[in-house]
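Enquirer: My structure is below; once you've seen it, I'll send some questions.
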Amino acid sequence: MASISAISALSLTTIAFLVASTVSFNGVNGNFLTETYQREFDYFVLALQWPGTNCRYTHKCCHNNGCCRRSGVPTHFTIHGLWPNYNDGGWPSCCSRSAFDINEISTLRHALDEYWPSLSCGSPSTCHGHRGSFWAHEVEMHGTCATSVMKDEYQYFLTVLNIYFKYNVTEVLSKAGYVPSNSERYPLGGVITAIGNAFHQTPLVVCSGSAVKELRLCFYKNFKPRDCATGTRVNEQVDSLKYSCPKYVSFPTYDSSGLKYVEALESITI
């Protein structure tokens, strides 16, 4: 049985250096340009993807698809995004016309490629009818709505990486015996308890069938853990999409070696 990969010492060292050399989460370089007012959000959702499940939707490979790495599909949770949310279950979106600039995050690219890869060959929607990269979607759709905490694109991505490493879901589950497998199933209650004991919060688990698709952690605006909201429109949406989990769940692996590579990107909506 394979063990879930730990974060590499090299990457941790790189992130530690970046954190030490950054002023704070409220830096003002390259500020998001606010366009229209949307009421202040209440808390953050950190959405993490399980690649073994998400990659099952990959039917063709391309250079920017993390499911198609020559080293194999990641066996650790990867980042989907950090989303400002309202306590009533809604969320703000597209709070600025600021466009994603990949040059702003050049020093973070190694960590982002490893821990925040796109898991498709698509070009997701961004804002105002545009399409772009997975990172562009996340920062334009969600990051621009968190200006009270993160003032610019660089701070958004750096903040998400910091929180991801601090709350290492993959490591916690591995220590509890919940490891990648295409045959083993684990009690959902045990998965939730392991996270709760480690981080003092109740996560939201999203499944595709019995396979864990996402795991979401929630935080106050100062990044202290909090339980994810229950009984809200968010959870109603999850249920309506039939992403609720059964009593026993799995963390499947995936092999993309038989897929063909393509150059053109097909449009998708995330």
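Each chain in the structure tokens gets a letter, A, B, ..., in the order shown, and its residues are numbered from 1; ligands are numbered from 1 in order too.
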Report as a VMD selection string: the residues of segment 22-253 of chain A with a DSSP assignment of strand (DSSP E), based on the backbone of this structure.

Expert: chain A and resid 43 to 49 78 to 85 186 to 187 204 to 208 211 to 219 225 to 226 248 to 249

Enquirer: Can those selected residues be exported to a file as an mmCIF file, in the first residue's frame so that it contains N, CA and C atoms?

Expert:
data_model
loop_
_atom_site.group_PDB
_atom_site.id
_atom_site.type_symbol
_atom_site.label_atom_id
_atom_site.label_comp_id
_atom_site.auth_asym_id
_atom_site.auth_seq_id
_atom_site.Cartn_x
_atom_site.Cartn_y
_atom_site.Cartn_z
ATOM 1 N N TYR A 43 -15.675 34.766 6.238
ATOM 2 C CA TYR A 43 -14.645 33.763 6.535
ATOM 3 C C TYR A 43 -14.082 33.204 5.234
ATOM 4 N N PHE A 44 -13.014 32.423 5.366
ATOM 5 C CA PHE A 44 -12.365 31.799 4.215
ATOM 6 C C PHE A 44 -12.648 30.293 4.166
ATOM 7 N N VAL A 45 -12.727 29.766 2.953
ATOM 8 C CA VAL A 45 -12.740 28.327 2.712
ATOM 9 C C VAL A 45 -11.487 27.971 1.927
ATOM 10 N N LEU A 46 -10.678 27.079 2.473
ATOM 11 C CA LEU A 46 -9.530 26.536 1.743
ATOM 12 C C LEU A 46 -9.951 25.207 1.150
ATOM 13 N N ALA A 47 -10.103 25.168 -0.175
ATOM 14 C CA ALA A 47 -10.542 23.964 -0.869
ATOM 15 C C ALA A 47 -9.333 23.199 -1.399
ATOM 16 N N LEU A 48 -9.251 21.939 -1.021
ATOM 17 C CA LEU A 48 -8.149 21.064 -1.425
ATOM 18 C C LEU A 48 -8.697 19.927 -2.280
ATOM 19 N N GLN A 49 -7.982 19.576 -3.331
ATOM 20 C CA GLN A 49 -8.422 18.529 -4.257
ATOM 21 C C GLN A 49 -7.627 17.240 -4.046
ATOM 22 N N THR A 78 -3.859 18.645 -3.382
ATOM 23 C CA THR A 78 -3.392 19.865 -4.034
ATOM 24 C C THR A 78 -4.435 20.964 -3.818
ATOM 25 N N ILE A 79 -4.029 22.189 -4.031
ATOM 26 C CA ILE A 79 -4.885 23.335 -3.746
ATOM 27 C C ILE A 79 -5.889 23.565 -4.876
ATOM 28 N N HIS A 80 -7.130 23.785 -4.509
ATOM 29 C CA HIS A 80 -8.126 24.271 -5.467
ATOM 30 C C HIS A 80 -8.182 25.792 -5.378
ATOM 31 N N GLY A 81 -8.379 26.313 -4.166
ATOM 32 C CA GLY A 81 -8.373 27.758 -4.007
ATOM 33 C C GLY A 81 -8.720 28.174 -2.592
ATOM 34 N N LEU A 82 -8.564 29.451 -2.316
ATOM 35 C CA LEU A 82 -8.974 30.053 -1.051
ATOM 36 C C LEU A 82 -10.104 31.017 -1.368
ATOM 37 N N TRP A 83 -11.277 30.757 -0.804
ATOM 38 C CA TRP A 83 -12.482 31.466 -1.213
ATOM 39 C C TRP A 83 -13.083 32.273 -0.065
ATOM 40 N N PRO A 84 -13.249 33.583 -0.223
ATOM 41 C CA PRO A 84 -14.024 34.358 0.737
ATOM 42 C C PRO A 84 -15.491 33.912 0.704
ATOM 43 N N ASN A 85 -16.082 33.721 1.870
ATOM 44 C CA ASN A 85 -17.466 33.257 1.964
ATOM 45 C C ASN A 85 -18.264 34.113 2.945
ATOM 46 N N TYR A 186 -12.234 3.825 3.961
ATOM 47 C CA TYR A 186 -12.036 4.249 5.337
ATOM 48 C C TYR A 186 -13.296 4.925 5.859
ATOM 49 N N PRO A 187 -13.540 4.840 7.165
ATOM 50 C CA PRO A 187 -14.739 5.484 7.718
ATOM 51 C C PRO A 187 -14.665 6.997 7.580
ATOM 52 N N LEU A 204 -15.357 20.106 5.687
ATOM 53 C CA LEU A 204 -16.385 19.623 4.772
ATOM 54 C C LEU A 204 -15.701 18.701 3.768
ATOM 55 N N VAL A 205 -16.218 17.470 3.632
ATOM 56 C CA VAL A 205 -15.655 16.505 2.693
ATOM 57 C C VAL A 205 -16.613 16.344 1.526
ATOM 58 N N VAL A 206 -16.095 16.431 0.316
ATOM 59 C CA VAL A 206 -16.887 16.319 -0.904
ATOM 60 C C VAL A 206 -16.439 15.061 -1.646
ATOM 61 N N CYS A 207 -17.386 14.262 -2.095
ATOM 62 C CA CYS A 207 -17.047 12.993 -2.742
ATOM 63 C C CYS A 207 -17.634 12.884 -4.142
ATOM 64 N N SER A 208 -17.031 12.017 -4.926
ATOM 65 C CA SER A 208 -17.578 11.569 -6.194
ATOM 66 C C SER A 208 -17.786 10.070 -6.051
ATOM 67 N N ALA A 211 -15.371 8.067 -3.581
ATOM 68 C CA ALA A 211 -14.017 8.619 -3.628
ATOM 69 C C ALA A 211 -14.003 10.070 -3.159
ATOM 70 N N VAL A 212 -13.090 10.403 -2.253
ATOM 71 C CA VAL A 212 -12.949 11.779 -1.801
ATOM 72 C C VAL A 212 -12.485 12.632 -2.978
ATOM 73 N N LYS A 213 -13.225 13.694 -3.247
ATOM 74 C CA LYS A 213 -12.917 14.603 -4.358
ATOM 75 C C LYS A 213 -12.259 15.885 -3.838
ATOM 76 N N GLU A 214 -12.809 16.426 -2.751
ATOM 77 C CA GLU A 214 -12.255 17.621 -2.125
ATOM 78 C C GLU A 214 -12.397 17.531 -0.615
ATOM 79 N N LEU A 215 -11.523 18.255 0.052
ATOM 80 C CA LEU A 215 -11.632 18.442 1.489
ATOM 81 C C LEU A 215 -11.476 19.932 1.748
ATOM 82 N N ARG A 216 -12.428 20.526 2.456
ATOM 83 C CA ARG A 216 -12.437 21.973 2.647
ATOM 84 C C ARG A 216 -12.265 22.329 4.116
ATOM 85 N N LEU A 217 -11.308 23.191 4.384
ATOM 86 C CA LEU A 217 -11.055 23.714 5.718
ATOM 87 C C LEU A 217 -11.535 25.156 5.770
ATOM 88 N N CYS A 218 -12.030 25.577 6.927
ATOM 89 C CA CYS A 218 -12.554 26.929 7.060
ATOM 90 C C CYS A 218 -11.780 27.713 8.107
ATOM 91 N N PHE A 219 -11.658 29.014 7.871
ATOM 92 C CA PHE A 219 -10.863 29.886 8.727
ATOM 93 C C PHE A 219 -11.542 31.239 8.898
ATOM 94 N N PRO A 225 -8.553 28.615 12.797
ATOM 95 C CA PRO A 225 -9.516 27.612 12.314
ATOM 96 C C PRO A 225 -10.922 27.828 12.877
ATOM 97 N N ARG A 226 -11.913 27.496 12.081
ATOM 98 C CA ARG A 226 -13.309 27.490 12.507
ATOM 99 C C ARG A 226 -14.015 26.348 11.795
ATOM 100 N N TYR A 248 -18.260 5.180 4.163
ATOM 101 C CA TYR A 248 -16.884 4.742 3.937
ATOM 102 C C TYR A 248 -16.380 5.339 2.628
ATOM 103 N N VAL A 249 -15.190 5.916 2.665
ATOM 104 C CA VAL A 249 -14.646 6.644 1.513
ATOM 105 C C VAL A 249 -13.255 6.135 1.164
#

Enquirer: What parts of segment 14-240 of chain A does DSSP call alpha helix (DSSP H)? I'd like the answer as a ChimeraX atom specification.

Expert: /A:14-20,51-54,109-115,134-141,153-166,169-175,188-199,233-240

Enquirer: Could you list, as number ranges by chain, every residue within 9 Å of Ser210 of chain A, counting only C-alpha atoms and ignoring same-chain residues fewer than 4 positions away?

Expert: A: 185, 244-251

Enquirer: Please write the residues from the selection above to a file, keeping N, CA, C and O atoms, as a PDB file, in the first residue's frame.

Expert:
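Written out: result.pdb:
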ATOM      1  N   ARG A 185     -11.235   1.222   1.773  1.00  0.00           N
ATOM      2  CA  ARG A 185     -12.168   2.287   2.113  1.00  0.00           C
ATOM      3  C   ARG A 185     -12.062   2.561   3.612  1.00  0.00           C
ATOM      4  O   ARG A 185     -11.834   1.645   4.400  1.00  0.00           O
ATOM      5  N   SER A 244     -22.240  14.420  -1.828  1.00  0.00           N
ATOM      6  CA  SER A 244     -22.189  14.024  -0.438  1.00  0.00           C
ATOM      7  C   SER A 244     -21.504  12.664  -0.334  1.00  0.00           C
ATOM      8  O   SER A 244     -21.520  11.862  -1.269  1.00  0.00           O
ATOM      9  N   CYS A 245     -20.891  12.406   0.808  1.00  0.00           N
ATOM     10  CA  CYS A 245     -20.071  11.201   0.967  1.00  0.00           C
ATOM     11  C   CYS A 245     -20.813  10.084   1.686  1.00  0.00           C
ATOM     12  O   CYS A 245     -21.616  10.349   2.583  1.00  0.00           O
ATOM     13  N   PRO A 246     -20.521   8.835   1.331  1.00  0.00           N
ATOM     14  CA  PRO A 246     -21.082   7.698   2.072  1.00  0.00           C
ATOM     15  C   PRO A 246     -20.317   7.498   3.380  1.00  0.00           C
ATOM     16  O   PRO A 246     -19.384   8.247   3.695  1.00  0.00           O
ATOM     17  N   LYS A 247     -20.683   6.483   4.118  1.00  0.00           N
ATOM     18  CA  LYS A 247     -20.051   6.237   5.418  1.00  0.00           C
ATOM     19  C   LYS A 247     -18.597   5.796   5.283  1.00  0.00           C
ATOM     20  O   LYS A 247     -17.795   5.999   6.198  1.00  0.00           O
ATOM     21  N   TYR A 248     -18.260   5.180   4.163  1.00  0.00           N
ATOM     22  CA  TYR A 248     -16.884   4.742   3.937  1.00  0.00           C
ATOM     23  C   TYR A 248     -16.380   5.339   2.628  1.00  0.00           C
ATOM     24  O   TYR A 248     -17.081   5.295   1.607  1.00  0.00           O
ATOM     25  N   VAL A 249     -15.190   5.916   2.665  1.00  0.00           N
ATOM     26  CA  VAL A 249     -14.646   6.644   1.513  1.00  0.00           C
ATOM     27  C   VAL A 249     -13.255   6.135   1.164  1.00  0.00           C
ATOM     28  O   VAL A 249     -12.607   5.432   1.949  1.00  0.00           O
ATOM     29  N   SER A 250     -12.794   6.522  -0.022  1.00  0.00           N
ATOM     30  CA  SER A 250     -11.474   6.087  -0.481  1.00  0.00           C
ATOM     31  C   SER A 250     -10.663   7.273  -0.988  1.00  0.00           C
ATOM     32  O   SER A 250     -11.210   8.329  -1.300  1.00  0.00           O
ATOM     33  N   PHE A 251      -9.365   7.059  -1.068  1.00  0.00           N
ATOM     34  CA  PHE A 251      -8.423   8.015  -1.662  1.00  0.00           C
ATOM     35  C   PHE A 251      -7.732   7.292  -2.818  1.00  0.00           C
ATOM     36  O   PHE A 251      -6.619   6.793  -2.680  1.00  0.00           O
TER      37      PHE A 251
END

Enquirer: Give me the segment 105-209 of chain A side of the contact with segment 72-76 of chain A, cut-off 12 Å, one line per residue showing its nearest atom pair and distance in Å at one decimal, counting only C-alpha atoms, sorted by chain and residue number, as JSON lines.

Expert:
{"residue": "A:Asp113", "atom": "CA", "partner": "A:Pro74", "partner_atom": "CA", "distance": 11.1}
{"residue": "A:Glu114", "atom": "CA", "partner": "A:Pro74", "partner_atom": "CA", "distance": 8.3}
{"residue": "A:Tyr115", "atom": "CA", "partner": "A:His76", "partner_atom": "CA", "distance": 8.3}
{"residue": "A:Trp116", "atom": "CA", "partner": "A:Pro74", "partner_atom": "CA", "distance": 10.6}
{"residue": "A:Pro117", "atom": "CA", "partner": "A:Pro74", "partner_atom": "CA", "distance": 9.6}
{"residue": "A:Ser118", "atom": "CA", "partner": "A:Pro74", "partner_atom": "CA", "distance": 11.5}
{"residue": "A:Leu119", "atom": "CA", "partner": "A:Val73", "partner_atom": "CA", "distance": 9.5}
{"residue": "A:Tyr164", "atom": "CA", "partner": "A:His76", "partner_atom": "CA", "distance": 11.5}
{"residue": "A:Phe165", "atom": "CA", "partner": "A:His76", "partner_atom": "CA", "distance": 11.7}
{"residue": "A:Asn168", "atom": "CA", "partner": "A:His76", "partner_atom": "CA", "distance": 9.5}
{"residue": "A:Val169", "atom": "CA", "partner": "A:His76", "partner_atom": "CA", "distance": 8.6}
{"residue": "A:Thr170", "atom": "CA", "partner": "A:His76", "partner_atom": "CA", "distance": 5.6}
{"residue": "A:Glu171", "atom": "CA", "partner": "A:His76", "partner_atom": "CA", "distance": 8.5}
{"residue": "A:Val172", "atom": "CA", "partner": "A:His76", "partner_atom": "CA", "distance": 11.1}
{"residue": "A:Leu173", "atom": "CA", "partner": "A:His76", "partner_atom": "CA", "distance": 10.2}
{"residue": "A:Ser174", "atom": "CA", "partner": "A:His76", "partner_atom": "CA", "distance": 9.7}
{"residue": "A:Tyr178", "atom": "CA", "partner": "A:His76", "partner_atom": "CA", "distance": 11.6}
{"residue": "A:Val179", "atom": "CA", "partner": "A:Thr75", "partner_atom": "CA", "distance": 9.0}
{"residue": "A:Pro180", "atom": "CA", "partner": "A:Thr75", "partner_atom": "CA", "distance": 7.0}
{"residue": "A:Ser181", "atom": "CA", "partner": "A:Thr75", "partner_atom": "CA", "distance": 10.1}

Enquirer: Counting only C-alpha atoms, figure out which residue out of A:Thr144, A:Thr53, A:Asn65, A:Ser123 gets nearest to Phe100 of chain A.

Expert: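 Counting only C-alpha atoms, the residue closest to Phe100 of chain A is A:Thr144.
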
Enquirer: I need the residue nearest Arg56 of chain A from this list: A:Thr202, A:Ser120, A:Asn222, A:Ser71. Use only C-alpha atoms for the distance.

Expert: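 Counting only C-alpha atoms, the residue closest to Arg56 of chain A is A:Ser120.
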
Enquirer: Take atom CA of Ser93 of chain A and atom CA of Gly209 of chain A and report the distance between them in Å, one decimal.

Expert: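 If I compute the distance from atom CA of Ser93 of chain A to atom CA of Gly209 of chain A, I get 28.9 Å.
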
Enquirer: What does the distance from atom CA of Phe134 of chain A to atom CA of Ile102 of chain A come to in Å, to one decimal?

Expert: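 Separating atom CA of Phe134 of chain A from atom CA of Ile102 of chain A is a distance of 11.4 Å.
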
Enquirer: For Ser256 of chain A, work out the shell of residues within 9 Å, counting only C-alpha atoms and skipping chain neighbours fewer than 6 positions away, then give it as a PyMOL selection string.

Expert: chain A and resi 55-56+58-61+67-69+72-73

Enquirer: Take the residues from that selection and put them in a file with C-alpha atoms, as a PDB file, in the first residue's frame.

Expert:
ATOM      1  CA  CYS A  55      -7.873  13.043 -12.575  1.00  0.00           C
ATOM      2  CA  ARG A  56     -10.439  10.403 -13.452  1.00  0.00           C
ATOM      3  CA  THR A  58      -8.986  13.576 -17.614  1.00  0.00           C
ATOM      4  CA  HIS A  59      -9.421  12.000 -21.046  1.00  0.00           C
ATOM      5  CA  LYS A  60      -6.451  13.649 -22.753  1.00  0.00           C
ATOM      6  CA  CYS A  61      -3.151  15.078 -21.586  1.00  0.00           C
ATOM      7  CA  CYS A  67      -2.672  14.641 -13.925  1.00  0.00           C
ATOM      8  CA  CYS A  68      -0.199  13.917 -16.740  1.00  0.00           C
ATOM      9  CA  ARG A  69       3.137  14.360 -15.016  1.00  0.00           C
ATOM     10  CA  GLY A  72       2.956  10.340 -11.825  1.00  0.00           C
ATOM     11  CA  VAL A  73      -0.228  11.858 -10.468  1.00  0.00           C
TER      12      VAL A  73
END

Enquirer: From the options A:Gln38, A:Asn162, A:Ser183, A:Thr253, which residue's atoms come nearest to Ala111 of chain A, counting only C-alpha atoms?

Expert: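 For Ala111 of chain A, the nearest of the given residues is A:Asn162.
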
Enquirer: What does the distance between atom CA of Glu40 of chain A and atom CA of Phe223 of chain A come to in Å, to one decimal place?

Expert: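 According to the coordinates, atom CA of Glu40 of chain A and atom CA of Phe223 of chain A are separated by 15.8 Å.
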